[in-house]
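**Student:** Take this structure first; my questions come after.
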Amino acid sequence: MDSPFKTIGLIGKPHHEGANQTLQGLHDYLTQRGFNVLVETRVAQALGVIEEQHIVDLVQLGERSDLAIVVGGDGNMLGAARVLSRFDVAVIGVNRGNLGFLTDLSPQDYLVPLEQVLSGHFKSEQRFLLEASVYRHGERKASNLAVNEAVLHPGKIAHMIEFEVYIDGSFMYSQRSDGLIIATPTGSTAYSLSAGGAILTPKLNAITLVPMFPHTLSSRPIVLDADSEVRLLVSPDNQDDAMLVSCDGQITLAVHPGDEIIIKKSQHRLKLVHPLDYSYFHVLRNKLGWGSKLF
């Protein structure tokens, strides 16, 4: 096949029967068509791939692949995306999870749209990530990336914390709440949406700050320019010494009273590809149960 993609990486949901079936089908399909197929280590074990030259870890897959296919749910896509965004690799997902906002190919009918993508007929878009860093006494103690959101929250359930919010060095407000969600447009349909935040279309250069159960009813979500630097100053008087910054609900950074958290746009971007008939608003209608056309 004449394709802009020569080397294709397979990433999957470990120990999931449906995902393994799809991965096996993809592996057979791609190898029969002459693609160089790289398989992430855990997937290789599940599929019984033994050729060492085709078994790689996620970093090597990002370095060597032209296209990465992620089979699983949005959680699998988020975990892979934080690594793959560091490399110039296109990413597409086959949904073997629940909602599947990021994994838009159906597991029952993925070969036809995938064939279209592999032949060079696809839409491409860039999604930016956030970088969250925790500073203690001026020293950076931990840092990680988030595709969806970075969340400051207490270690205890339903436990209020106090902190101040600064935007580009300017004081915005102080808060007593269960925490704060800082979400990208990609993450605006995830945790942020559940907390009452606005949906941001993917091309917006914007982030949204959504308070979690704030003490004052006047505290509302706000949308900011994505090039803004968000600084959270945690009160030294907080009783909870087990606070956390959570990145995509998968990576946690420890936060102590008096710490500073800096959240800003990362230099890395996730390169997503979609079939030509992909529509973001179709995804919203389908996943959120919005009404169809009346006439």
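Note on naming: chains are A, B, ... as they come in the structure tokens, residues start from 1 per chain, ligands start from 1 in the order shown.
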Write out as a PyMOL selection string each polymer residue whose atoms come within 8 Å of Ile263 (chain A), counting only C-alpha atoms; drop sequence neighbours fewer than 4 positions from it.
**Tutor:** chain A and resi 130-133+150+229-231
**Student:** Could you write out that same residue set with N, CA, C and O atoms as a PDB file, in the first residue's frame?
**Tutor:**
ATOM      1  N   LEU A 130      -0.745  20.382  29.257  1.00  0.00           N
ATOM      2  CA  LEU A 130      -0.325  21.231  30.363  1.00  0.00           C
ATOM      3  C   LEU A 130       0.859  20.591  31.077  1.00  0.00           C
ATOM      4  O   LEU A 130       0.982  19.367  31.125  1.00  0.00           O
ATOM      5  N   GLU A 131       1.709  21.461  31.610  1.00  0.00           N
ATOM      6  CA  GLU A 131       2.793  21.002  32.471  1.00  0.00           C
ATOM      7  C   GLU A 131       2.529  21.517  33.881  1.00  0.00           C
ATOM      8  O   GLU A 131       2.360  22.717  34.080  1.00  0.00           O
ATOM      9  N   ALA A 132       2.474  20.611  34.839  1.00  0.00           N
ATOM     10  CA  ALA A 132       2.237  20.979  36.239  1.00  0.00           C
ATOM     11  C   ALA A 132       3.498  20.704  37.043  1.00  0.00           C
ATOM     12  O   ALA A 132       4.068  19.609  36.963  1.00  0.00           O
ATOM     13  N   SER A 133       3.938  21.704  37.808  1.00  0.00           N
ATOM     14  CA  SER A 133       5.154  21.582  38.610  1.00  0.00           C
ATOM     15  C   SER A 133       4.871  22.027  40.041  1.00  0.00           C
ATOM     16  O   SER A 133       4.164  23.020  40.253  1.00  0.00           O
ATOM     17  N   ALA A 150      -5.055  19.208  35.113  1.00  0.00           N
ATOM     18  CA  ALA A 150      -4.286  19.132  36.356  1.00  0.00           C
ATOM     19  C   ALA A 150      -5.216  19.591  37.471  1.00  0.00           C
ATOM     20  O   ALA A 150      -5.892  20.618  37.332  1.00  0.00           O
ATOM     21  N   GLU A 229       0.135  31.781  32.664  1.00  0.00           N
ATOM     22  CA  GLU A 229       0.731  30.942  33.699  1.00  0.00           C
ATOM     23  C   GLU A 229      -0.166  30.995  34.930  1.00  0.00           C
ATOM     24  O   GLU A 229      -0.481  32.064  35.438  1.00  0.00           O
ATOM     25  N   VAL A 230      -0.593  29.823  35.375  1.00  0.00           N
ATOM     26  CA  VAL A 230      -1.437  29.722  36.569  1.00  0.00           C
ATOM     27  C   VAL A 230      -0.547  29.307  37.743  1.00  0.00           C
ATOM     28  O   VAL A 230       0.138  28.277  37.677  1.00  0.00           O
ATOM     29  N   ARG A 231      -0.578  30.135  38.798  1.00  0.00           N
ATOM     30  CA  ARG A 231       0.207  29.804  39.998  1.00  0.00           C
ATOM     31  C   ARG A 231      -0.743  29.661  41.178  1.00  0.00           C
ATOM     32  O   ARG A 231      -1.540  30.564  41.457  1.00  0.00           O
TER      33      ARG A 231
END
**Student:** Would you give me, as number ranges by chain, the residues in region 19-179 of chain A that DSSP reads as strand (DSSP E or B)?
**Tutor:** A: 36-40, 55-56, 67-72, 90-95, 105, 123-136, 139-146, 149-153, 161-167, 170-177
**Student:** Using only C-alpha atoms for the distances, tell me which of A:Ile199, A:Val37, A:Ala19, A:Leu30 is nearest to Leu284 (chain A).
**Tutor:** A:Ile199
**Student:** Would you list the contacts of Ser188 (chain A) as a VMD selection string, taking every protein, DNA or RNA residue within 7 Å and counting only C-alpha atoms, but skipping same-chain residues closer than 5 positions in sequence?
**Tutor:** chain A and resid 183 193 197 to 200
**Student:** Nearest to Val94 (chain A): which of A:Ser177, A:Asn20, A:Asn36, A:Thr252 is it, counting only C-alpha atoms?
**Tutor:**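 Comparing A:Ser177, A:Asn20, A:Asn36, A:Thr252 against Val94 (chain A), the winner is A:Asn20.
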**Student:** Find the residues near Ala81 (chain A): any atom within 8 Å, counting only C-alpha atoms, skip ones fewer than 3 places away on the same chain, and give them as a PyMOL selection string.
**Tutor:** chain A and resi 77-78+84-85+147+270
**Student:** In Å, with one decimal, what is the gap from CA of Leu129 (chain A) to CA of Glu149 (chain A)?
**Tutor:** 8.6 Å
**Student:** Skip Gln175 (chain A) itself and residues of its chain fewer than 3 positions away, then list as a ChimeraX atom specification all residues within 8 Å of it, counting only C-alpha atoms.
**Tutor:** /A:161-165,214-215
**Student:** Please, could you write that set of residues out with N, CA, C and O atoms as a PDB file, in the first residue's frame?
**Tutor:**
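Just written: selection-v2.pdb:
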ATOM      1  N   ILE A 161      -9.568  22.826  51.477  1.00  0.00           N
ATOM      2  CA  ILE A 161      -8.218  23.366  51.550  1.00  0.00           C
ATOM      3  C   ILE A 161      -8.253  24.844  51.167  1.00  0.00           C
ATOM      4  O   ILE A 161      -9.214  25.325  50.556  1.00  0.00           O
ATOM      5  N   GLU A 162      -7.208  25.570  51.553  1.00  0.00           N
ATOM      6  CA  GLU A 162      -7.114  27.003  51.271  1.00  0.00           C
ATOM      7  C   GLU A 162      -5.916  27.267  50.370  1.00  0.00           C
ATOM      8  O   GLU A 162      -4.821  26.734  50.592  1.00  0.00           O
ATOM      9  N   PHE A 163      -6.134  28.117  49.351  1.00  0.00           N
ATOM     10  CA  PHE A 163      -5.052  28.456  48.443  1.00  0.00           C
ATOM     11  C   PHE A 163      -5.395  29.756  47.721  1.00  0.00           C
ATOM     12  O   PHE A 163      -6.559  30.192  47.705  1.00  0.00           O
ATOM     13  N   GLU A 164      -4.361  30.367  47.147  1.00  0.00           N
ATOM     14  CA  GLU A 164      -4.528  31.578  46.343  1.00  0.00           C
ATOM     15  C   GLU A 164      -4.200  31.266  44.897  1.00  0.00           C
ATOM     16  O   GLU A 164      -3.364  30.406  44.603  1.00  0.00           O
ATOM     17  N   VAL A 165      -4.865  31.996  43.989  1.00  0.00           N
ATOM     18  CA  VAL A 165      -4.673  31.786  42.554  1.00  0.00           C
ATOM     19  C   VAL A 165      -4.118  33.059  41.934  1.00  0.00           C
ATOM     20  O   VAL A 165      -4.679  34.146  42.119  1.00  0.00           O
ATOM     21  N   PRO A 214     -16.672  25.135  45.994  1.00  0.00           N
ATOM     22  CA  PRO A 214     -16.115  26.305  46.680  1.00  0.00           C
ATOM     23  C   PRO A 214     -16.986  26.744  47.856  1.00  0.00           C
ATOM     24  O   PRO A 214     -18.206  26.512  47.869  1.00  0.00           O
ATOM     25  N   HIS A 215     -16.347  27.398  48.830  1.00  0.00           N
ATOM     26  CA  HIS A 215     -17.045  27.857  50.030  1.00  0.00           C
ATOM     27  C   HIS A 215     -17.977  29.013  49.716  1.00  0.00           C
ATOM     28  O   HIS A 215     -18.983  29.224  50.399  1.00  0.00           O
TER      29      HIS A 215
END
